[in-house]
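Source file: structure_29.csv (CSV, C-alpha atoms)
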chain,number,residue,atom,x,y,z
A,16,MET,CA,-28.4,-1.0,-19.1
A,17,ALA,CA,-28.9,1.6,-16.4
A,18,PHE,CA,-30.8,-0.9,-14.3
A,19,SER,CA,-28.0,-3.4,-14.7
A,20,MET,CA,-25.4,-0.9,-13.6
A,21,LEU,CA,-27.5,0.1,-10.6
A,22,HIS,CA,-27.9,-3.6,-9.7
A,23,CYS,CA,-24.2,-4.2,-9.9
A,24,LEU,CA,-23.5,-1.1,-7.8
A,25,LEU,CA,-26.0,-2.2,-5.2
A,26,ILE,CA,-24.5,-5.7,-5.0
A,27,SER,CA,-21.0,-4.3,-4.7
A,28,SER,CA,-22.1,-1.9,-1.9
A,29,LEU,CA,-23.7,-4.8,0.0
A,30,VAL,CA,-20.6,-7.0,-0.4
A,31,LEU,CA,-18.4,-4.1,0.9
A,32,LEU,CA,-20.8,-3.5,3.8
A,33,LEU,CA,-20.9,-7.2,4.6
A,34,TYR,CA,-17.1,-7.4,4.4
A,35,GLY,CA,-16.8,-4.4,6.8
A,36,VAL,CA,-19.2,-5.9,9.3
A,37,LEU,CA,-17.5,-9.2,9.2
A,38,LYS,CA,-14.1,-7.6,9.6
A,39,VAL,CA,-15.2,-5.5,12.6
A,40,SER,CA,-17.0,-8.5,14.1
A,41,TYR,CA,-13.8,-10.6,13.7
A,42,SER,CA,-11.7,-7.9,15.4
A,43,ILE,CA,-14.0,-7.1,18.3
A,44,TRP,CA,-15.6,-10.4,19.0
A,45,TRP,CA,-14.5,-13.6,17.2
A,46,LYS,CA,-10.7,-13.2,17.5
A,47,PRO,CA,-10.8,-12.2,21.2
A,48,LYS,CA,-13.1,-15.1,22.1
A,49,TRP,CA,-10.9,-17.5,20.1
A,50,LEU,CA,-7.8,-16.2,21.9
A,51,GLU,CA,-9.6,-16.5,25.3
A,52,LYS,CA,-10.6,-20.1,24.5
A,53,ARG,CA,-7.0,-21.0,23.6
A,54,LEU,CA,-5.5,-19.4,26.7
A,55,ARG,CA,-8.0,-21.2,29.0
A,56,ARG,CA,-7.1,-24.5,27.4
A,57,GLN,CA,-3.5,-23.8,28.6
A,58,GLY,CA,-4.8,-23.5,32.2
A,59,ILE,CA,-4.7,-19.7,32.3
A,60,THR,CA,-7.6,-18.2,34.3
A,61,GLY,CA,-8.8,-14.7,34.5
A,62,THR,CA,-11.5,-12.2,33.5
A,63,HIS,CA,-13.9,-13.0,30.6
A,64,TYR,CA,-13.7,-10.8,27.5
A,65,LYS,CA,-16.1,-7.9,27.4
A,66,LEU,CA,-17.0,-6.3,24.1
A,67,VAL,CA,-14.6,-3.7,22.8
A,68,MET,CA,-13.6,-2.2,26.3
A,69,GLY,CA,-12.4,-5.5,27.9
A,70,ASP,CA,-11.4,-4.7,31.5
A,71,MET,CA,-10.4,-1.0,31.0
A,72,LYS,CA,-13.6,0.4,32.5
A,73,GLU,CA,-13.0,-1.7,35.7
A,74,TYR,CA,-9.3,-0.7,35.7
A,75,ILE,CA,-10.1,3.0,35.5
A,76,ARG,CA,-12.8,2.7,38.2
A,77,LEU,CA,-10.5,0.9,40.7
A,78,ILE,CA,-7.5,3.2,40.2
A,79,THR,CA,-9.7,6.4,40.3
A,80,GLU,CA,-11.3,5.2,43.5
A,81,ALA,CA,-7.9,4.3,45.1
A,82,TRP,CA,-6.3,7.6,44.1
A,83,SER,CA,-9.2,9.7,45.3
A,84,LYS,CA,-8.4,8.9,49.0
A,85,PRO,CA,-5.5,10.2,51.1
A,86,MET,CA,-2.7,7.8,51.5
A,87,ASN,CA,-1.5,6.7,54.9
A,88,LEU,CA,2.2,6.3,55.5
A,89,ASN,CA,2.3,2.5,55.9
A,90,HIS,CA,3.5,-0.5,54.0
A,91,ASP,CA,0.1,-1.4,52.5
A,92,ILE,CA,0.7,0.4,49.2
A,93,VAL,CA,-0.2,-2.2,46.5
A,94,SER,CA,-3.9,-1.5,46.9
A,95,ARG,CA,-3.2,2.1,45.9
A,96,VAL,CA,-0.5,1.7,43.3
A,97,ASP,CA,-2.2,-1.0,41.3
A,98,PRO,CA,-5.5,-2.1,42.7
A,99,PHE,CA,-6.6,-3.8,39.5
A,100,THR,CA,-3.6,-6.2,39.4
A,101,LEU,CA,-4.0,-6.9,43.1
A,102,SER,CA,-7.7,-7.7,42.7
A,103,ASN,CA,-7.0,-10.0,39.7
A,104,MET,CA,-4.2,-11.8,41.5
A,105,GLN,CA,-6.4,-12.4,44.6
A,106,LYS,CA,-9.1,-13.8,42.4
A,107,TYR,CA,-7.2,-15.9,39.8
A,108,GLY,CA,-3.6,-16.4,41.2
A,109,LYS,CA,-0.1,-15.2,40.4
A,110,VAL,CA,-0.5,-15.9,36.6
A,111,SER,CA,-3.8,-14.5,35.3
A,112,LEU,CA,-5.5,-13.0,32.3
A,113,PHE,CA,-7.1,-9.7,31.7
A,114,TRP,CA,-8.2,-7.7,28.7
A,115,ALA,CA,-6.8,-4.3,27.5
A,116,GLY,CA,-9.6,-3.6,25.1
A,117,THR,CA,-9.6,-6.4,22.6
A,118,THR,CA,-6.1,-7.5,23.5
A,119,PRO,CA,-5.4,-10.2,26.1
A,120,ARG,CA,-2.7,-9.5,28.7
A,121,LEU,CA,-1.0,-11.8,31.2
A,122,ILE,CA,-0.3,-10.8,34.7
A,123,VAL,CA,2.8,-12.7,36.0
A,124,MET,CA,3.6,-12.2,39.6
A,125,ASP,CA,5.8,-15.3,40.1
A,126,PRO,CA,9.4,-14.0,40.5
A,127,GLU,CA,11.1,-17.0,39.0
A,128,MET,CA,8.7,-17.1,36.0
A,129,MET,CA,9.3,-13.3,35.5
A,130,LYS,CA,13.1,-13.9,35.4
A,131,GLU,CA,12.6,-16.7,32.8
A,132,ILE,CA,10.3,-14.6,30.6
A,133,LEU,CA,12.5,-11.5,30.6
A,134,GLY,CA,15.7,-13.6,30.3
A,135,LEU,CA,17.0,-12.0,33.6
A,136,THR,CA,18.8,-15.2,34.6
A,137,THR,CA,21.3,-14.5,31.9
A,138,LEU,CA,21.1,-10.8,32.2
A,139,GLU,CA,21.7,-10.9,36.0
A,140,GLU,CA,25.3,-12.0,35.4
A,141,LYS,CA,25.8,-9.3,32.9
A,142,LEU,CA,24.6,-6.7,35.3
A,143,LYS,CA,27.2,-7.6,37.9
A,144,ALA,CA,29.8,-6.3,35.5
A,145,MET,CA,28.0,-2.9,35.3
A,146,ILE,CA,28.0,-2.4,39.1
A,147,PRO,CA,30.9,0.1,38.9
A,148,GLU,CA,28.9,2.2,36.5
A,149,PHE,CA,25.9,2.1,38.7
A,150,ILE,CA,28.0,3.2,41.7
A,151,THR,CA,29.5,6.1,39.6
A,152,ARG,CA,26.0,7.4,38.8
A,153,CYS,CA,24.8,7.1,42.4
A,154,SER,CA,27.9,8.8,43.7
A,155,MET,CA,27.4,11.7,41.3
A,156,MET,CA,23.9,12.2,42.5
A,157,ILE,CA,24.9,12.1,46.2
A,158,GLU,CA,27.8,14.5,45.6
A,159,GLN,CA,25.3,16.9,44.0
A,160,TRP,CA,23.1,16.6,47.2
A,161,LYS,CA,26.1,17.3,49.4
A,162,MET,CA,26.9,20.4,47.4
A,163,LEU,CA,23.4,21.7,47.9
A,164,ALA,CA,23.6,21.0,51.6
A,165,SER,CA,27.0,22.7,51.9
A,166,LEU,CA,25.5,26.0,50.6
A,167,ASN,CA,23.1,26.3,53.5
A,168,GLU,CA,22.7,24.8,56.9
A,169,THR,CA,19.6,22.9,55.6
A,170,CYS,CA,18.2,22.2,52.2
A,171,GLU,CA,15.1,20.5,50.7
A,172,VAL,CA,15.5,18.1,47.9
A,173,ASP,CA,12.7,16.6,45.8
A,174,VAL,CA,14.1,13.1,45.5
A,175,TRP,CA,11.4,11.8,43.2
A,176,PRO,CA,12.7,13.5,40.0
A,177,GLU,CA,16.3,13.0,41.1
A,178,LEU,CA,15.7,9.2,41.4
A,179,GLN,CA,13.8,9.2,38.1
A,180,ASN,CA,16.8,10.7,36.3
A,181,LEU,CA,19.1,8.2,38.0
A,182,THR,CA,17.2,5.1,37.1
A,183,ARG,CA,16.6,6.5,33.5
A,184,ASP,CA,20.3,6.9,33.0
A,185,VAL,CA,21.3,3.6,34.5
A,186,ILE,CA,18.6,1.6,32.7
A,187,SER,CA,19.4,3.3,29.4
A,188,ARG,CA,23.0,2.0,29.7
A,189,ALA,CA,22.3,-1.4,31.3
A,190,ALA,CA,19.3,-2.5,29.3
A,191,LEU,CA,19.8,-0.8,25.9
A,192,GLY,CA,23.3,0.5,25.7
A,193,SER,CA,22.0,3.9,24.7
A,194,SER,CA,23.6,7.2,25.6
A,195,PHE,CA,22.2,9.3,28.5
A,196,GLU,CA,20.9,12.0,26.1
A,197,GLU,CA,19.1,9.4,24.0
A,198,GLY,CA,17.6,7.7,27.0
A,199,ARG,CA,16.4,11.1,28.2
A,200,ASN,CA,14.6,11.8,24.9
A,201,ILE,CA,13.0,8.3,24.8
A,202,PHE,CA,11.8,8.7,28.4
A,203,GLU,CA,10.3,12.2,27.8
A,204,PHE,CA,8.5,11.0,24.6
A,205,GLN,CA,7.1,7.9,26.4
A,206,LYS,CA,6.1,9.9,29.5
A,207,GLU,CA,4.1,12.4,27.4
A,208,HIS,CA,2.5,9.6,25.3
A,209,ILE,CA,1.3,7.8,28.4
A,210,THR,CA,-0.1,11.0,29.9
A,211,LEU,CA,-2.2,11.6,26.8
A,212,THR,CA,-3.2,7.9,26.6
A,213,LEU,CA,-4.4,7.9,30.2
A,214,GLU,CA,-6.4,11.1,29.6
A,215,ALA,CA,-8.1,9.4,26.6
A,216,MET,CA,-8.8,6.3,28.7
A,217,GLN,CA,-10.6,8.4,31.4
A,218,THR,CA,-13.1,9.9,28.9
A,219,LEU,CA,-16.2,8.4,27.3
A,220,TYR,CA,-15.2,5.7,24.8
A,221,ILE,CA,-16.4,6.4,21.2
A,222,PRO,CA,-15.4,3.7,18.7
A,223,GLY,CA,-13.1,5.1,16.0
A,224,PHE,CA,-12.6,8.5,17.8
A,225,ARG,CA,-8.9,7.9,18.1
A,226,PHE,CA,-8.6,8.2,14.3
A,227,VAL,CA,-10.2,11.6,14.2
A,228,PRO,CA,-7.4,14.1,13.6
A,229,THR,CA,-7.7,16.1,16.8
A,230,LYS,CA,-4.7,17.9,18.3
A,231,LYS,CA,-4.2,15.3,21.0
A,232,ASN,CA,-4.8,12.4,18.7
A,233,LYS,CA,-2.2,13.7,16.2
A,234,ARG,CA,0.2,14.3,19.1
A,235,ARG,CA,-0.2,10.7,20.4
A,236,LYS,CA,0.3,9.4,16.9
A,237,TYR,CA,3.5,11.5,16.5
A,238,LEU,CA,4.9,10.4,19.8
A,239,GLN,CA,4.3,6.7,19.1
A,240,LYS,CA,5.9,7.0,15.7
A,241,LYS,CA,8.9,9.0,17.1
A,242,THR,CA,9.5,6.6,20.0
A,243,THR,CA,9.3,3.6,17.7
A,244,SER,CA,11.7,5.2,15.2
A,245,MET,CA,14.2,5.9,18.0
A,246,PHE,CA,14.1,2.3,19.2
A,247,ARG,CA,14.4,1.1,15.6
A,248,ASP,CA,17.5,3.1,15.1
A,249,LEU,CA,19.0,2.0,18.4
A,250,ILE,CA,18.3,-1.7,17.5
A,251,GLN,CA,19.8,-1.3,14.1
A,252,ARG,CA,23.0,0.2,15.5
A,253,LYS,CA,23.2,-2.6,18.0
A,254,LYS,CA,22.8,-5.2,15.3
A,255,ASP,CA,25.5,-3.6,13.2
A,256,ALA,CA,27.8,-3.4,16.1
A,257,ILE,CA,27.3,-7.1,17.0
A,258,ARG,CA,27.7,-8.1,13.3
A,259,THR,CA,31.0,-6.3,13.0
A,260,GLY,CA,32.3,-7.4,16.4
A,261,GLN,CA,32.3,-4.0,17.9
A,262,ALA,CA,29.8,-5.0,20.6
A,263,GLU,CA,28.5,-8.1,22.3
A,264,GLY,CA,24.9,-9.2,23.2
A,265,ASP,CA,25.6,-8.3,26.8
A,266,ASN,CA,22.5,-6.4,27.7
A,267,LEU,CA,18.7,-6.8,27.4
A,268,LEU,CA,18.7,-5.6,23.8
A,269,GLY,CA,21.4,-8.0,22.9
A,270,LEU,CA,19.5,-10.9,24.4
A,271,LEU,CA,16.4,-10.0,22.5
A,272,LEU,CA,18.3,-9.8,19.3
A,273,LYS,CA,19.7,-13.3,20.0
A,274,SER,CA,16.1,-14.5,20.1
A,275,ASN,CA,15.6,-13.0,16.7
A,276,SER,CA,17.8,-15.3,14.6
A,277,GLN,CA,16.9,-13.8,11.3
A,278,THR,CA,18.7,-10.5,12.0
A,279,ASP,CA,19.7,-10.1,8.4
A,280,LEU,CA,16.2,-9.8,7.0
A,281,PRO,CA,15.0,-6.5,5.7
A,282,GLU,CA,13.0,-4.5,8.2
A,283,ASN,CA,9.7,-4.9,6.3
A,284,VAL,CA,10.0,-8.7,6.2
A,285,SER,CA,8.3,-10.4,9.2
A,286,ASN,CA,9.9,-13.4,10.9
A,287,THR,CA,7.0,-15.9,11.3
A,288,LYS,CA,8.9,-18.9,12.7
A,289,ASP,CA,7.8,-20.1,16.1
A,290,ASN,CA,9.9,-19.0,19.1
A,291,GLU,CA,11.6,-16.2,17.1
A,292,LEU,CA,11.0,-12.5,17.7
A,293,THR,CA,10.1,-10.2,14.9
A,294,LEU,CA,11.6,-6.7,14.7
A,295,ASP,CA,8.4,-5.2,15.9
A,296,GLU,CA,8.3,-7.6,18.9
A,297,VAL,CA,11.9,-6.6,19.8
A,298,ILE,CA,10.9,-2.9,19.7
A,299,GLU,CA,7.8,-3.6,21.8
A,300,GLY,CA,9.9,-5.6,24.3
A,301,CYS,CA,12.4,-2.8,24.7
A,302,MET,CA,9.7,-0.1,25.0
A,303,GLN,CA,7.8,-2.1,27.7
A,304,PHE,CA,11.0,-3.0,29.6
A,305,TYR,CA,12.3,0.6,29.5
A,306,LEU,CA,9.1,2.1,30.7
A,307,ALA,CA,8.1,-0.5,33.3
A,308,SER,CA,11.6,-0.9,34.8
A,309,HIS,CA,12.1,2.8,35.0
A,310,GLU,CA,8.9,3.6,36.8
A,311,THR,CA,9.1,0.6,39.2
A,312,THR,CA,12.7,1.2,40.1
A,313,SER,CA,12.4,4.9,40.7
A,314,SER,CA,9.2,4.4,42.7
A,315,TRP,CA,10.8,1.6,44.8
A,316,LEU,CA,13.8,3.8,45.6
A,317,THR,CA,11.6,6.7,46.6
A,318,TRP,CA,9.4,4.6,48.8
A,319,THR,CA,12.5,3.1,50.4
A,320,MET,CA,13.7,6.5,51.4
A,321,ILE,CA,10.3,7.4,52.8
A,322,VAL,CA,10.2,4.2,54.8
A,323,LEU,CA,13.8,4.7,56.1
A,324,ALA,CA,12.7,8.2,57.2
A,325,MET,CA,9.8,6.7,59.0
A,326,HIS,CA,12.0,4.2,60.8
A,327,PRO,CA,15.3,5.9,61.9
A,328,ASN,CA,16.3,2.7,63.8
A,329,TRP,CA,16.5,0.8,60.5
A,330,GLN,CA,18.6,3.6,59.0
A,331,GLU,CA,21.2,2.9,61.7
A,332,LYS,CA,21.0,-0.9,61.2
A,333,ALA,CA,21.5,-0.5,57.5
A,334,ARG,CA,24.3,1.9,57.9
A,335,GLU,CA,26.1,-0.3,60.4
A,336,GLU,CA,25.8,-3.3,58.0
A,337,VAL,CA,27.3,-1.4,55.1
A,338,MET,CA,30.2,-0.1,57.2
A,339,GLN,CA,30.8,-3.6,58.6
A,340,ILE,CA,30.9,-5.3,55.2
A,341,CYS,CA,32.2,-2.6,52.9
A,342,GLY,CA,34.0,-0.2,55.2
A,343,LYS,CA,35.1,2.8,53.2
A,344,LYS,CA,35.4,0.8,49.9
A,345,GLU,CA,32.8,1.0,47.2
A,346,PRO,CA,30.6,-2.2,47.2
A,347,ASP,CA,31.1,-4.9,44.6
A,348,SER,CA,28.7,-7.8,43.6
A,349,GLU,CA,30.1,-10.0,46.3
A,350,ALA,CA,29.6,-7.3,49.0
A,351,LEU,CA,26.1,-6.6,47.8
A,352,SER,CA,25.1,-10.2,48.1
A,353,ARG,CA,26.0,-10.1,51.8
A,354,LEU,CA,23.9,-7.0,52.6
A,355,LYS,CA,21.0,-8.9,54.2
A,356,ILE,CA,19.2,-5.9,55.8
A,357,ILE,CA,19.3,-3.8,52.6
A,358,ILE,CA,18.5,-6.5,50.1
A,359,ASN,CA,15.7,-8.1,52.2
As structure tokens:
Amino acid sequence: MAFSMLHCLLISSLVLLLYGVLKVSYSIWWKPKWLEKRLRRQGITGTHYKLVMGDMKEYIRLITEAWSKPMNLNHDIVSRVDPFTLSNMQKYGKVSLFWAGTTPRLIVMDPEMMKEILGLTTLEEKLKAMIPEFITRCSMMIEQWKMLASLNETCEVDVWPELQNLTRDVISRAALGSSFEEGRNIFEFQKEHITLTLEAMQTLYIPGFRFVPTKKNKRRKYLQKKTTSMFRDLIQRKKDAIRTGQAEGDNLLGLLLKSNSQTDLPENVSNTKDNELTLDEVIEGCMQFYLASHETTSSWLTWTMIVLAMHPNWQEKAREEVMQICGKKEPDSEALSRLKIIIN
């Protein structure tokens, strides 16, 4: 009897061990290789999958090497800002594949394809109606700078955080329809989460270590949960407002919700139909757009001011063009489309 029980226990342990090995093997090898094969069948080229780490080791190496050197004030900034993406594009083209751990990611550098993927062709028309709000936020920031300058003959302004705040507020309203305070909270949580994640990426990778309840791991988990919860609440309010006719799908969030036709399903029910977004995918889309657009826009504006400071003659040309087209009036969408020097 005892031998029989021991025999059953041994078999059960072996079955559980085999199940665990198969499950891990599926997650870290079979599934990624299967996805890679399917993507390559669609004509998408890129790096080959590397066990567990993917391309993260190479990503960290390139960006650490680029940031370790002083930056010259010139227009060749891509090799410093994102050397991995630049290298991948040069090797595999404007649409390429790389691996974030066991997850495949697409790099899309074709502007027209980016518009189509993000639905910006439709959103672009909606944004024109929000130009007055953009102008209001910009005017408020400039007036604050004027006030600082009026207090003293000269003043020094760190434009980087100022432009971060500006783009955060504008994107919160334009893309998600959230309040400035809500947008500020989302940004701060995401910023801290990314800082902790980058710290973890730059340390020695130990499989399963992220599940150990260290102080930083618990903080990362809390920030992820909190940010997801805030986006979930925001999405639910938008769905309710659209359903009751109090709002239209006139921003990025509204367009994403239109792609999710089963808006009345409970939150714990997944939408598995092709070409329809689940609630989790809508949340992920909002999080990525909010973070990516905020960083790129604020960085672009800051760099534009640096370049204009480097080339005062282009300052004069841009100023003359604005005065010629807009005069003392605030610019509208029609006027903005005619600003060739500034836009190009």
Review point. Within 10 Å of Pro126 in chain A, counting all atoms listed in the file, which residues qualify if same-chain residues fewer than 5 places away don't, as a PyMOL selection string?
Key: chain A and resi 109+131-132
Study note, to complete from the structure: Of A:Met104, A:Glu158, A:Val322, A:Met245, the one nearest to Ile201 in chain A when counting all atoms listed in the file is A:Met245
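Atom pair CA of Ile357 in chain A / CA of Glu335 in chain A: separated by 10.9 Å.
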Point to revise | Sel. within 12 Å of pt (8.3, 2.9, 39.4), counting all atoms listed in the file, output as an MDAnalysis selection string | key: chainID A and resid 96:97 175:176 178:180 182:183 304:319
Review point. List as a PyMOL selection string: which residues have an atom within 8 Å of (0.5, -13.3, 35.8), counting only C-alpha atoms?
Key: chain A and resi 104+108-112+121-125
**Study point:** For range 251-253 of chain A: contacts at 8 Å, all atoms listed in the file, fewer than 3 positions along chain excluded, given as a ChimeraX atom specification
**Key:** /A:247-248,256-257,262,268-269
Exercise for review: Mind giving me the straight-line distance from CA of Trp82 in chain A to CA of Ala115 in chain A in Å, one decimal?
Suggested key: 20.4 Å
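Among the candidates A:Ser352, A:Leu163, A:Val174, A:Arg188, the residue lying nearest to Met145 in chain A is A:Arg188 (atoms considered: all atoms listed in the file).
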